[in-house]
>>> print(open('entry.cif').read())   # mmCIF, C-alpha atoms and all ligand atoms
data_final
loop_
_atom_site.label_atom_id
_atom_site.label_comp_id
_atom_site.auth_asym_id
_atom_site.auth_seq_id
_atom_site.Cartn_x
_atom_site.Cartn_y
_atom_site.Cartn_z
CA MET A 1 7.67 -25.16 -21.19
CA TYR A 2 7.47 -28.07 -18.75
CA VAL A 3 7.09 -28.36 -14.98
CA LEU A 4 9.46 -29.74 -12.33
CA TYR A 5 8.65 -32.72 -10.10
CA ARG A 6 9.17 -33.60 -6.45
CA THR A 7 9.02 -36.97 -4.70
CA VAL A 8 6.46 -38.27 -2.18
CA PRO A 9 8.73 -39.43 0.66
CA LYS A 10 6.90 -42.62 1.68
CA THR A 11 6.13 -43.95 -1.81
CA GLY A 12 8.62 -42.43 -4.25
CA ASP A 13 5.74 -41.17 -6.42
CA ARG A 14 6.81 -38.23 -8.57
CA LEU A 15 4.36 -35.32 -8.54
CA SER A 16 4.47 -32.11 -10.56
CA ILE A 17 5.25 -29.18 -8.27
CA LEU A 18 2.22 -27.41 -9.80
CA GLY A 19 -1.14 -29.04 -9.16
CA PHE A 20 -4.39 -28.10 -10.89
CA GLY A 21 -7.03 -27.12 -8.30
CA CYS A 22 -10.57 -27.67 -9.61
CA MET A 23 -12.27 -25.42 -7.07
CA ARG A 24 -12.22 -22.36 -9.29
CA LEU A 25 -12.80 -23.67 -12.80
CA PRO A 26 -13.86 -21.07 -15.39
CA THR A 27 -17.54 -20.22 -15.20
CA LYS A 28 -20.09 -18.98 -17.75
CA LYS A 29 -21.76 -15.56 -17.52
CA GLY A 30 -25.05 -16.97 -16.28
CA GLY A 31 -23.27 -19.22 -13.76
CA GLY A 32 -22.09 -22.84 -13.93
CA ILE A 33 -18.78 -24.21 -15.17
CA ASP A 34 -17.70 -23.28 -18.69
CA GLU A 35 -17.05 -26.93 -19.37
CA GLY A 36 -15.43 -26.69 -22.81
CA ARG A 37 -12.96 -24.09 -21.58
CA ALA A 38 -12.25 -25.94 -18.33
CA ILE A 39 -11.51 -29.16 -20.23
CA ARG A 40 -9.16 -27.37 -22.67
CA GLN A 41 -7.33 -25.73 -19.77
CA LEU A 42 -6.95 -28.97 -17.81
CA ARG A 43 -5.67 -30.88 -20.83
CA HIS A 44 -3.25 -28.08 -21.75
CA ALA A 45 -1.79 -28.11 -18.21
CA ILE A 46 -1.49 -31.93 -18.32
CA ASP A 47 0.22 -31.71 -21.74
CA CYS A 48 2.74 -29.37 -20.07
CA GLY A 49 3.51 -31.97 -17.39
CA VAL A 50 1.02 -31.20 -14.59
CA ASN A 51 0.17 -34.61 -13.12
CA TYR A 52 -1.77 -33.75 -9.94
CA VAL A 53 -5.42 -32.65 -10.16
CA ASP A 54 -7.42 -31.84 -7.06
CA THR A 55 -11.18 -31.77 -6.68
CA ALA A 56 -13.88 -32.29 -4.03
CA PRO A 57 -17.62 -33.01 -3.99
CA ILE A 58 -18.43 -29.54 -2.66
CA TYR A 59 -16.58 -27.64 -5.39
CA HIS A 60 -18.91 -25.94 -7.84
CA LEU A 61 -21.81 -27.51 -5.89
CA GLY A 62 -21.05 -31.03 -7.05
CA ARG A 63 -20.11 -30.17 -10.65
CA SER A 64 -16.31 -30.21 -10.35
CA GLU A 65 -15.86 -33.99 -10.10
CA PRO A 66 -17.99 -34.85 -13.19
CA VAL A 67 -16.33 -32.12 -15.29
CA LEU A 68 -12.92 -33.40 -14.24
CA ALA A 69 -13.99 -36.92 -15.23
CA ARG A 70 -14.88 -35.70 -18.72
CA ALA A 71 -11.60 -33.75 -18.97
CA LEU A 72 -9.70 -36.93 -18.16
CA ALA A 73 -11.42 -39.03 -20.84
CA GLY A 74 -9.48 -40.05 -23.94
CA GLY A 75 -6.34 -41.21 -22.15
CA TYR A 76 -5.77 -38.24 -19.82
CA ARG A 77 -6.75 -40.23 -16.71
CA ASP A 78 -3.60 -42.35 -17.05
CA LYS A 79 -1.39 -39.26 -17.10
CA VAL A 80 -2.49 -37.84 -13.73
CA ARG A 81 -2.96 -38.55 -10.04
CA VAL A 82 -6.52 -37.69 -9.04
CA ALA A 83 -7.09 -36.22 -5.59
CA THR A 84 -10.55 -35.87 -4.09
CA LYS A 85 -12.01 -35.63 -0.60
CA LEU A 86 -14.40 -37.16 1.90
CA PRO A 87 -16.80 -34.40 3.03
CA PRO A 88 -17.19 -34.81 6.82
CA TRP A 89 -20.40 -32.74 6.82
CA SER A 90 -22.07 -35.46 4.70
CA VAL A 91 -21.00 -38.34 6.93
CA ARG A 92 -23.25 -39.60 9.72
CA THR A 93 -22.29 -43.28 9.81
CA ARG A 94 -19.35 -45.50 8.90
CA GLN A 95 -21.43 -46.80 5.95
CA ASP A 96 -21.72 -43.24 4.58
CA MET A 97 -17.96 -43.22 4.00
CA ASP A 98 -18.10 -46.23 1.66
CA ARG A 99 -21.25 -44.95 -0.02
CA ILE A 100 -19.65 -41.56 -0.74
CA LEU A 101 -16.33 -42.99 -1.96
CA ASN A 102 -18.06 -45.53 -4.23
CA LYS A 103 -20.17 -42.76 -5.70
CA GLN A 104 -17.09 -40.60 -6.27
CA LEU A 105 -15.38 -43.46 -8.11
CA ALA A 106 -18.43 -43.81 -10.36
CA THR A 107 -18.64 -40.04 -10.94
CA LEU A 108 -14.93 -39.79 -11.70
CA GLY A 109 -15.11 -42.83 -14.00
CA THR A 110 -12.19 -44.54 -12.32
CA ASP A 111 -11.58 -47.62 -10.17
CA HIS A 112 -9.32 -45.78 -7.73
CA VAL A 113 -8.55 -42.36 -6.28
CA ASP A 114 -4.80 -41.75 -6.14
CA TYR A 115 -4.86 -39.24 -3.29
CA TYR A 116 -7.88 -39.31 -0.97
CA LEU A 117 -8.27 -36.62 1.70
CA LEU A 118 -10.46 -36.10 4.72
CA HIS A 119 -11.77 -32.65 3.84
CA SER A 120 -11.18 -29.59 6.03
CA MET A 121 -10.01 -31.15 9.25
CA GLY A 122 -10.34 -29.08 12.41
CA ARG A 123 -11.14 -30.24 15.93
CA GLU A 124 -14.86 -30.90 15.38
CA ASN A 125 -14.61 -32.65 11.99
CA TRP A 126 -11.63 -34.73 13.07
CA ASP A 127 -13.24 -35.92 16.32
CA LYS A 128 -16.44 -36.77 14.51
CA LEU A 129 -14.82 -38.80 11.70
CA LYS A 130 -12.53 -40.60 14.11
CA ARG A 131 -15.48 -41.54 16.32
CA LEU A 132 -17.34 -42.89 13.27
CA GLY A 133 -14.42 -45.14 12.29
CA VAL A 134 -12.70 -43.20 9.50
CA LEU A 135 -9.27 -44.72 10.15
CA GLU A 136 -10.62 -48.24 9.70
CA PHE A 137 -12.41 -47.01 6.54
CA LEU A 138 -9.13 -45.67 5.13
CA ASP A 139 -7.34 -48.94 5.92
CA ALA A 140 -10.08 -50.94 4.20
CA ALA A 141 -10.23 -48.65 1.15
CA LYS A 142 -6.46 -48.84 0.75
CA ARG A 143 -6.51 -52.63 1.14
CA ASP A 144 -9.16 -53.15 -1.54
CA GLY A 145 -7.45 -50.65 -3.87
CA ARG A 146 -10.15 -47.96 -4.02
CA ILE A 147 -7.66 -45.41 -2.71
CA ARG A 148 -3.88 -45.40 -3.11
CA ASN A 149 -2.77 -42.71 -0.64
CA ALA A 150 -4.55 -41.32 2.42
CA GLY A 151 -4.29 -37.73 3.62
CA PHE A 152 -6.22 -34.82 5.03
CA SER A 153 -6.70 -31.14 4.30
CA PHE A 154 -6.41 -28.82 7.23
CA HIS A 155 -7.68 -25.44 8.48
CA ALA A 156 -7.07 -25.15 12.22
CA ASP A 157 -4.33 -24.69 14.81
CA THR A 158 -0.89 -26.31 15.03
CA VAL A 159 -1.73 -28.43 18.09
CA THR A 160 -4.64 -30.12 16.30
CA PHE A 161 -2.44 -30.49 13.22
CA ARG A 162 0.27 -32.37 15.12
CA GLU A 163 -2.33 -34.60 16.74
CA ILE A 164 -3.81 -35.58 13.37
CA VAL A 165 -0.37 -36.16 11.82
CA ASP A 166 0.55 -38.45 14.73
CA THR A 167 -2.69 -40.49 14.70
CA TYR A 168 -2.39 -42.34 11.38
CA ASP A 169 0.11 -43.51 8.80
CA TRP A 170 -0.74 -40.75 6.30
CA GLN A 171 1.08 -40.46 2.99
CA PHE A 172 0.32 -36.75 2.63
CA CYS A 173 -1.51 -33.71 3.94
CA GLN A 174 -2.77 -30.44 2.48
CA ILE A 175 -2.29 -27.11 4.23
CA GLN A 176 -2.90 -23.43 3.50
CA TYR A 177 0.48 -21.77 3.10
CA ASN A 178 1.74 -18.51 1.61
CA PHE A 179 4.06 -15.73 2.74
CA LEU A 180 1.27 -14.02 4.67
CA ASP A 181 0.19 -17.25 6.40
CA GLU A 182 3.68 -18.36 7.41
CA HIS A 183 2.54 -18.50 11.03
CA ASN A 184 -1.17 -19.03 10.50
CA GLN A 185 -3.06 -22.39 10.77
CA ALA A 186 -0.51 -25.24 10.35
CA GLY A 187 2.06 -22.67 9.21
CA ILE A 188 5.80 -23.23 8.88
CA GLU A 189 5.79 -25.23 12.11
CA GLY A 190 3.20 -27.66 10.74
CA LEU A 191 4.92 -27.80 7.34
CA ARG A 192 8.22 -28.83 8.94
CA TYR A 193 6.53 -31.26 11.33
CA ALA A 194 4.72 -33.04 8.49
CA ALA A 195 7.88 -33.20 6.37
CA GLN A 196 9.87 -34.55 9.29
CA LYS A 197 7.23 -37.31 9.61
CA LYS A 198 7.80 -38.07 5.89
CA LEU A 199 4.45 -36.77 4.68
CA ALA A 200 4.21 -35.17 1.26
CA VAL A 201 2.81 -31.65 1.72
CA ILE A 202 0.34 -30.24 -0.77
CA VAL A 203 -0.04 -26.49 -0.42
CA MET A 204 -3.35 -24.75 -1.09
CA GLU A 205 -4.04 -21.01 -1.26
CA PRO A 206 -0.47 -20.03 -2.27
CA LEU A 207 -1.95 -16.74 -3.52
CA ARG A 208 -4.44 -16.37 -0.66
CA GLY A 209 -7.43 -16.83 -2.91
CA GLY A 210 -5.80 -14.68 -5.61
CA ASN A 211 -5.28 -11.72 -3.30
CA LEU A 212 -1.47 -11.83 -3.50
CA ALA A 213 -1.70 -11.66 -7.30
CA GLY A 214 -3.36 -9.33 -9.78
CA ARG A 215 -4.27 -5.92 -8.36
CA VAL A 216 -1.98 -5.61 -5.35
CA PRO A 217 -1.80 -2.39 -3.24
CA ASP A 218 0.36 0.32 -4.91
CA GLU A 219 2.96 0.35 -2.11
CA VAL A 220 3.38 -3.42 -2.51
CA GLN A 221 3.78 -3.15 -6.28
CA ARG A 222 6.49 -0.49 -5.80
CA ILE A 223 8.52 -3.01 -3.75
CA TRP A 224 8.09 -5.76 -6.35
CA ASP A 225 9.25 -3.29 -9.02
CA GLU A 226 12.62 -2.98 -7.24
CA ALA A 227 13.48 -6.62 -8.04
CA GLU A 228 16.37 -7.27 -10.40
CA ILE A 229 14.46 -10.07 -12.11
CA ARG A 230 10.98 -9.01 -13.19
CA CYS A 231 8.27 -11.38 -11.96
CA SER A 232 4.57 -10.86 -11.44
CA PRO A 233 3.30 -10.79 -7.81
CA ALA A 234 1.80 -14.26 -8.44
CA GLU A 235 5.16 -15.67 -9.55
CA TRP A 236 6.89 -14.22 -6.48
CA ALA A 237 4.27 -15.74 -4.17
CA LEU A 238 4.54 -19.17 -5.86
CA HIS A 239 8.35 -19.09 -5.89
CA TRP A 240 8.34 -18.28 -2.18
CA VAL A 241 6.29 -21.42 -1.43
CA TRP A 242 8.34 -23.65 -3.76
CA ASN A 243 11.51 -22.37 -2.15
CA HIS A 244 10.64 -24.62 0.83
CA PRO A 245 12.13 -28.11 0.31
CA GLU A 246 9.34 -29.53 2.54
CA VAL A 247 6.66 -28.58 -0.03
CA THR A 248 5.76 -31.23 -2.61
CA VAL A 249 2.94 -29.73 -4.72
CA VAL A 250 1.47 -26.24 -4.88
CA LEU A 251 -2.17 -26.17 -5.94
CA SER A 252 -3.31 -23.31 -8.06
CA GLY A 253 -6.98 -22.72 -8.78
CA MET A 254 -6.37 -21.82 -12.42
CA ASN A 255 -9.15 -20.59 -14.69
CA ASN A 256 -7.47 -18.16 -17.05
CA GLU A 257 -5.22 -19.29 -19.93
CA ALA A 258 -2.62 -16.56 -19.38
CA HIS A 259 -2.39 -17.37 -15.66
CA ILE A 260 -2.04 -21.08 -16.40
CA ASP A 261 0.92 -20.41 -18.69
CA GLU A 262 2.42 -17.99 -16.16
CA ASN A 263 2.17 -20.67 -13.42
CA ILE A 264 3.62 -23.36 -15.68
CA ARG A 265 6.54 -21.07 -16.61
CA ALA A 266 7.18 -20.46 -12.91
CA ALA A 267 7.02 -24.21 -12.17
CA ASP A 268 9.69 -24.76 -14.81
CA THR A 269 12.46 -23.23 -12.68
CA ALA A 270 11.35 -23.38 -9.03
CA LEU A 271 13.94 -25.52 -7.30
CA PRO A 272 13.92 -25.67 -3.49
CA GLY A 273 16.22 -23.07 -1.92
CA SER A 274 16.64 -21.23 -5.22
CA LEU A 275 15.57 -17.77 -4.02
CA ARG A 276 18.58 -15.55 -3.30
CA PRO A 277 18.88 -13.76 0.09
CA GLU A 278 18.04 -10.40 -1.51
CA GLU A 279 14.91 -11.91 -3.09
CA LEU A 280 13.80 -13.38 0.24
CA ALA A 281 14.40 -9.96 1.81
CA LEU A 282 12.19 -8.40 -0.86
CA VAL A 283 9.37 -10.85 -0.07
CA GLY A 284 9.92 -10.04 3.62
CA ARG A 285 9.43 -6.32 2.93
CA VAL A 286 6.26 -7.02 0.96
CA LYS A 287 4.99 -9.13 3.85
CA GLU A 288 5.78 -6.36 6.36
CA ASN A 289 3.96 -3.90 4.16
CA TYR A 290 0.88 -6.10 4.04
CA GLN A 291 1.06 -6.52 7.82
CA GLN A 292 1.16 -2.76 8.31
CA LEU A 293 -1.93 -2.44 6.15
CA MET A 294 -3.68 -5.05 8.29
CA LYS A 295 -6.40 -4.04 10.70
CA VAL A 296 -5.39 -6.46 13.52
CA GLY A 297 -1.78 -7.29 14.35
CA CYS A 298 -2.48 -10.99 14.95
CA THR A 299 0.48 -13.13 13.89
CA GLY A 300 -1.57 -16.34 13.87
CA CYS A 301 0.69 -17.95 16.49
CA GLY A 302 -2.30 -19.79 18.00
CA TYR A 303 -1.15 -19.47 21.63
CA CYS A 304 -4.64 -18.29 22.55
CA MET A 305 -6.23 -21.49 21.23
CA PRO A 306 -8.37 -23.38 22.00
CA CYS A 307 -10.97 -20.78 22.94
CA PRO A 308 -13.48 -22.21 25.46
CA ALA A 309 -16.34 -20.71 23.43
CA GLY A 310 -15.13 -22.33 20.20
CA VAL A 311 -14.00 -19.12 18.44
CA ASP A 312 -11.25 -19.68 15.87
CA ILE A 313 -9.44 -16.54 17.01
CA PRO A 314 -6.57 -16.39 14.45
CA GLY A 315 -8.89 -17.61 11.67
CA CYS A 316 -11.45 -14.85 12.33
CA PHE A 317 -8.71 -12.20 12.46
CA SER A 318 -7.12 -13.50 9.29
CA LEU A 319 -10.30 -13.11 7.21
CA TYR A 320 -11.11 -9.80 8.89
CA ASN A 321 -7.67 -8.56 7.80
CA THR A 322 -8.20 -9.87 4.28
CA HIS A 323 -11.51 -8.03 4.19
CA HIS A 324 -9.71 -4.74 4.94
CA LEU A 325 -6.54 -5.38 2.93
CA PHE A 326 -8.33 -6.10 -0.30
CA PRO A 327 -11.42 -3.89 -0.29
CA HIS A 328 -12.03 -4.55 -4.00
CA ASP A 329 -12.50 -8.25 -3.22
CA ARG A 330 -15.82 -8.87 -1.50
CA SER A 331 -15.27 -12.62 -1.05
CA ALA A 332 -13.68 -12.46 2.44
CA ARG A 333 -17.09 -12.12 4.05
CA SER A 334 -18.53 -15.12 2.24
CA HIS A 335 -15.41 -17.17 3.08
CA TYR A 336 -15.88 -16.08 6.66
CA LEU A 337 -19.50 -17.25 6.65
CA GLY A 338 -18.62 -20.60 5.08
CA ARG A 339 -15.57 -21.27 7.22
CA HIS A 340 -16.64 -19.93 10.62
CA GLY A 341 -20.38 -20.43 10.17
CA GLY A 342 -19.79 -24.19 10.00
CA LEU A 343 -20.39 -24.89 6.30
CA ILE A 344 -16.91 -26.34 5.68
CA GLY A 345 -15.49 -26.49 9.18
CA ASP A 346 -16.33 -26.04 12.82
CA VAL A 347 -18.77 -23.32 13.93
CA SER A 348 -16.18 -20.82 15.17
CA TYR A 349 -17.32 -17.25 14.49
CA ALA A 350 -16.34 -14.19 16.52
CA GLY A 351 -19.83 -13.58 17.90
CA LEU A 352 -19.48 -16.72 20.05
CA CYS A 353 -16.94 -14.90 22.25
CA ARG A 354 -18.07 -14.90 25.88
CA ASN A 355 -15.53 -12.30 26.97
CA CYS A 356 -13.82 -14.69 29.39
CA GLY A 357 -10.44 -12.97 28.91
CA LYS A 358 -8.37 -16.20 28.70
CA CYS A 359 -6.88 -15.20 25.35
CA THR A 360 -5.84 -11.68 26.38
CA LYS A 361 -3.70 -13.08 29.20
CA ILE A 362 -1.80 -15.30 26.75
CA CYS A 363 -1.55 -13.21 23.57
CA PRO A 364 2.12 -12.19 23.01
CA GLN A 365 0.91 -9.23 20.93
CA ASN A 366 -1.22 -7.98 23.87
CA LEU A 367 -4.25 -7.75 21.62
CA PRO A 368 -7.54 -6.80 23.28
CA VAL A 369 -9.09 -9.91 21.72
CA PRO A 370 -12.67 -9.75 23.14
CA GLN A 371 -13.02 -6.11 22.07
CA LEU A 372 -11.65 -6.94 18.61
CA MET A 373 -13.98 -9.94 18.39
CA ARG A 374 -16.93 -7.59 18.84
CA GLU A 375 -15.59 -5.49 15.95
CA VAL A 376 -15.09 -8.56 13.75
CA SER A 377 -18.56 -9.79 14.62
CA ARG A 378 -20.14 -6.43 13.78
CA GLU A 379 -18.42 -6.11 10.39
CA MET A 380 -18.27 -9.73 9.22
CA GLU A 381 -21.45 -11.23 10.68
CA GLY A 382 -24.10 -8.60 11.17
CA ARG A 383 -26.81 -9.14 13.75
CA THR A 384 -28.22 -12.36 12.35
CA MET A 385 -25.22 -14.71 12.40
CA GLY A 386 -27.01 -17.29 14.58
CA VAL A 387 -29.86 -17.41 12.05
CA LYS A 388 -27.42 -17.63 9.11
CA VAL A 389 -25.63 -20.56 10.74
CA THR A 390 -28.91 -22.39 11.32
CA VAL A 391 -30.02 -21.75 7.73
CA MET A 392 -26.66 -22.92 6.31
CA LYS A 393 -26.63 -26.07 8.41
CA GLY A 394 -30.27 -26.72 7.46
CA GLY A 395 -29.49 -26.17 3.77
CA LEU A 396 -26.57 -28.57 3.94
CA TRP A 397 -28.69 -31.19 5.68
CA LEU A 398 -31.40 -30.78 3.05
CA LEU A 399 -28.88 -31.07 0.21
CA ASN A 400 -27.58 -34.30 1.69
CA GLN A 401 -31.06 -35.69 2.20
CA THR A 402 -31.97 -34.82 -1.39
CA GLY A 403 -28.73 -36.38 -2.56
CA GLN A 404 -29.41 -39.59 -0.73
CA ILE A 405 -32.97 -39.81 -2.00
CA LYS A 406 -31.77 -39.08 -5.55
CA GLU A 407 -29.06 -41.67 -5.16
CA LYS A 408 -31.62 -44.31 -4.27
CA ILE A 409 -33.92 -43.42 -7.14
CA LEU A 410 -31.54 -42.35 -9.90
CA GLY A 411 -28.07 -43.26 -8.83
CA ILE A 412 -26.98 -39.61 -8.64
CA VAL A 413 -25.59 -38.00 -5.52
CA PRO A 414 -24.06 -34.56 -5.08
CA PHE A 415 -22.00 -35.47 -2.02
S1 LIG B 1 -12.32 -13.80 25.48
FE1 LIG B 1 -13.62 -14.60 23.88
S2 LIG B 1 -12.22 -15.19 22.26
FE2 LIG B 1 -10.99 -14.95 24.10
S3 LIG B 1 -10.87 -17.04 24.93
FE3 LIG B 1 -12.59 -16.00 25.94
S4 LIG B 1 -14.39 -16.55 24.72
FE4 LIG B 1 -12.55 -17.03 23.49
S1 LIG B 2 -2.24 -15.27 20.73
FE1 LIG B 2 -2.63 -13.24 19.88
S2 LIG B 2 -1.30 -13.10 18.07
FE2 LIG B 2 -1.41 -15.27 18.66
S3 LIG B 2 -3.12 -16.09 17.42
FE3 LIG B 2 -4.00 -15.46 19.39
S4 LIG B 2 -4.70 -13.36 19.03
FE4 LIG B 2 -3.28 -13.86 17.37
#
>>> encode(input="entry.cif", output="structure tokens")
Amino acid sequence: MYVLYRTVPKTGDRLSILGFGCMRLPTKKGGGIDEGRAIRQLRHAIDCGVNYVDTAPIYHLGRSEPVLARALAGGYRDKVRVATKLPPWSVRTRQDMDRILNKQLATLGTDHVDYYLLHSMGRENWDKLKRLGVLEFLDAAKRDGRIRNAGFSFHADTVTFREIVDTYDWQFCQIQYNFLDEHNQAGIEGLRYAAQKKLAVIVMEPLRGGNLAGRVPDEVQRIWDEAEIRCSPAEWALHWVWNHPEVTVVLSGMNNEAHIDENIRAADTALPGSLRPEELALVGRVKENYQQLMKVGCTGCGYCMPCPAGVDIPGCFSLYNTHHLFPHDRSARSHYLGRHGGLIGDVSYAGLCRNCGKCTKICPQNLPVPQLMREVSREMEGRTMGVKVTVMKGGLWLLNQTGQIKEKILGIVPF
């Protein structure tokens, strides 16, 4: 059992098509990473050929990077490319960028990061980092060898995506992509645009946070059961992403031994363009079925963006749909709070809608967007969203302050 590799267009670097995402490492009952298990899993995946590991300061509240460092001790560091990210919410000055990167290098126990990303780019984060001199920072960090390849991870609309792609000589980017998000965020359009500009594309959320795998709706499972070749829903979803020749690596947040082996088995055979027309049709029927089960018929085309009030219209609808599609999974609401409440992106929640009507005039699906925004706001936010946003922003600020104070006294920093 071994994984396939694809090439980074600008550098010729060979990356395993399966990457190990360290955002969802196994946890212990009382909370916190189950470090022994996480290390065994990471090393097993690397022994099977996985050579791309992705982490970030915010994952597991600052614990992911140090655990990864310990997993890569004993010779494993030389077998992988390490990817980590600059958290824009922790950056206030150009100096912060160097401070954070240097700290990450120390935490990871390495003299360079192979793939360094600007984390969660959207309009607000991108404008802020650019204004503070991030492009000059990336140039300098590449020149002095602290980073090898520069990229960005992305969660916004296609127009912003194209603008970011065109602004710098990136080696790679990271987008959310799966058969339900084909036209959401960067989507297929962004994927093809990046590939055409010779960027390697790392795909995150191929299983939509696990929702396309495991316990899928009965009507969806019945369609999968019609397939000639038996695959799990997770394997179908991964194969669909790998079927795109523009995709370089698919990140999977693996924390269960059986799932790791299932993903590695799938990565053993997933050549671009290898799905047969009848298999693509089957995925298409599953997608249609999911769309019928969705609460709002938003296709994620993004024509209605930007919203003058700052609402991420397709993003809010997408998580609202997830919330209704997968009622057993209660995480959509917390993702909504984090993403649209401004914890890991721009403040862009539905309750900001001012009912201006601009979007309704443009929407090709004729959706009554302001009315739906009120529904989304009621179900996903409750009445205290403004307070929650202030508390989250305050908490983040406090965490950063504490981190900086700790860094000065002890040499430890969470971000
Ligand atoms: S109606 Fe609401 S969501 Fe639509 S563009 Fe205006 S403010 Fe934005
Ligand atoms: S224009 Fe309509 S379908 Fe397209 S993203 Fe906006 S709300 Fe969704």
>>> closest_atom_pairs(input="entry.cif", of="chain A", to="ligand LIG 1 (chain B)", cutoff="10 Å", atoms="only C-alpha atoms and all ligand atoms", output="CSV")
residue,atom,partner,partner_atom,distance
A:Cys304,CA,B:LIG1,S3,6.8
A:Met305,CA,B:LIG1,S3,7.4
A:Pro306,CA,B:LIG1,S3,7.4
A:Cys307,CA,B:LIG1,FE4,4.1
A:Pro308,CA,B:LIG1,FE4,5.6
A:Ala309,CA,B:LIG1,S4,4.8
A:Gly310,CA,B:LIG1,FE4,6.8
A:Val311,CA,B:LIG1,FE4,5.7
A:Asp312,CA,B:LIG1,S2,7.9
A:Ile313,CA,B:LIG1,S2,6.1
A:Pro314,CA,B:LIG1,S2,9.7
A:Cys316,CA,B:LIG1,S2,10.0
A:Ser348,CA,B:LIG1,FE4,9.8
A:Tyr349,CA,B:LIG1,S2,9.5
A:Ala350,CA,B:LIG1,S2,7.1
A:Gly351,CA,B:LIG1,FE1,8.7
A:Leu352,CA,B:LIG1,S4,6.9
A:Cys353,CA,B:LIG1,FE1,3.7
A:Arg354,CA,B:LIG1,S4,4.2
A:Asn355,CA,B:LIG1,S1,3.8
A:Cys356,CA,B:LIG1,FE3,3.9
A:Gly357,CA,B:LIG1,S1,4.0
A:Lys358,CA,B:LIG1,S3,4.6
A:Cys359,CA,B:LIG1,FE2,4.3
A:Thr360,CA,B:LIG1,FE2,6.5
A:Lys361,CA,B:LIG1,FE2,9.1
A:Ile362,CA,B:LIG1,S3,9.4
A:Cys363,CA,B:LIG1,FE2,9.6
A:Pro368,CA,B:LIG1,S1,8.8
A:Val369,CA,B:LIG1,FE2,5.9
A:Pro370,CA,B:LIG1,S1,4.7
A:Gln371,CA,B:LIG1,S1,8.4
A:Leu372,CA,B:LIG1,S2,9.0
A:Met373,CA,B:LIG1,S2,6.8
A:Arg374,CA,B:LIG1,FE1,9.2
>>> residues_around(input="entry.cif", residues="A:Glu163", least_positions_apart="4", cutoff="12 Å", atoms="only C-alpha atoms", output="PDB file with C-alpha atoms, keeping the file's coordinate frame")
ATOM      1  CA  MET A 121     -10.010 -31.150   9.250  1.00  0.00           C
ATOM      2  CA  GLY A 122     -10.340 -29.080  12.410  1.00  0.00           C
ATOM      3  CA  ARG A 123     -11.140 -30.240  15.930  1.00  0.00           C
ATOM      4  CA  TRP A 126     -11.630 -34.730  13.070  1.00  0.00           C
ATOM      5  CA  ASP A 127     -13.240 -35.920  16.320  1.00  0.00           C
ATOM      6  CA  PHE A 154      -6.410 -28.820   7.230  1.00  0.00           C
ATOM      7  CA  ALA A 156      -7.070 -25.150  12.220  1.00  0.00           C
ATOM      8  CA  ASP A 157      -4.330 -24.690  14.810  1.00  0.00           C
ATOM      9  CA  THR A 158      -0.890 -26.310  15.030  1.00  0.00           C
ATOM     10  CA  VAL A 159      -1.730 -28.430  18.090  1.00  0.00           C
ATOM     11  CA  THR A 167      -2.690 -40.490  14.700  1.00  0.00           C
ATOM     12  CA  TYR A 168      -2.390 -42.340  11.380  1.00  0.00           C
ATOM     13  CA  ALA A 186      -0.510 -25.240  10.350  1.00  0.00           C
ATOM     14  CA  GLY A 190       3.200 -27.660  10.740  1.00  0.00           C
ATOM     15  CA  TYR A 193       6.530 -31.260  11.330  1.00  0.00           C
ATOM     16  CA  ALA A 194       4.720 -33.040   8.490  1.00  0.00           C
TER      17      ALA A 194
END
>>> closest_residue(input="entry.cif", among="A:Pro277, A:Pro272, A:Pro245, A:Pro217", to="A:Gln292", atoms="only C-alpha atoms")
A:Pro217
>>> closest_residue(input="entry.cif", among="A:Lys197, A:Arg383, A:His340, A:His183", to="ligand LIG 2 (chain B)", atoms="only C-alpha atoms and all ligand atoms")
A:His183
>>> closest_atom_pairs(input="entry.cif", of="stretch 15-60 of chain A", to="stretch 69-76 of chain A", cutoff="10 Å", atoms="only C-alpha atoms", output="JSON lines")
{"residue": "A:Glu35", "atom": "CA", "partner": "A:Ala71", "partner_atom": "CA", "distance": 8.7}
{"residue": "A:Gly36", "atom": "CA", "partner": "A:Ala71", "partner_atom": "CA", "distance": 8.9}
{"residue": "A:Ala38", "atom": "CA", "partner": "A:Ala71", "partner_atom": "CA", "distance": 7.9}
{"residue": "A:Ile39", "atom": "CA", "partner": "A:Ala71", "partner_atom": "CA", "distance": 4.8}
{"residue": "A:Arg40", "atom": "CA", "partner": "A:Ala71", "partner_atom": "CA", "distance": 7.8}
{"residue": "A:Gln41", "atom": "CA", "partner": "A:Ala71", "partner_atom": "CA", "distance": 9.1}
{"residue": "A:Leu42", "atom": "CA", "partner": "A:Ala71", "partner_atom": "CA", "distance": 6.8}
{"residue": "A:Arg43", "atom": "CA", "partner": "A:Ala71", "partner_atom": "CA", "distance": 6.8}
{"residue": "A:Ile46", "atom": "CA", "partner": "A:Tyr76", "partner_atom": "CA", "distance": 7.8}
{"residue": "A:Asp47", "atom": "CA", "partner": "A:Tyr76", "partner_atom": "CA", "distance": 9.1}
{"residue": "A:Asn51", "atom": "CA", "partner": "A:Tyr76", "partner_atom": "CA", "distance": 9.7}
>>> atom_distance(input="entry.cif", atom1="atom CA of A:Met23", atom2="atom CA of A:Asp346")
20.3 Å
>>> closest_residue(input="entry.cif", among="A:Val241, A:Val376, A:Val165, A:Met254", to="A:Pro26", atoms="only C-alpha atoms")
A:Met254
>>> residues_around(input="entry.cif", residues="A:Thr55", least_positions_apart="3", cutoff="8 Å", atoms="all atoms listed in the file", output="PyMOL selection string")
chain A and resi 21-23+59+64-65+68+82-85
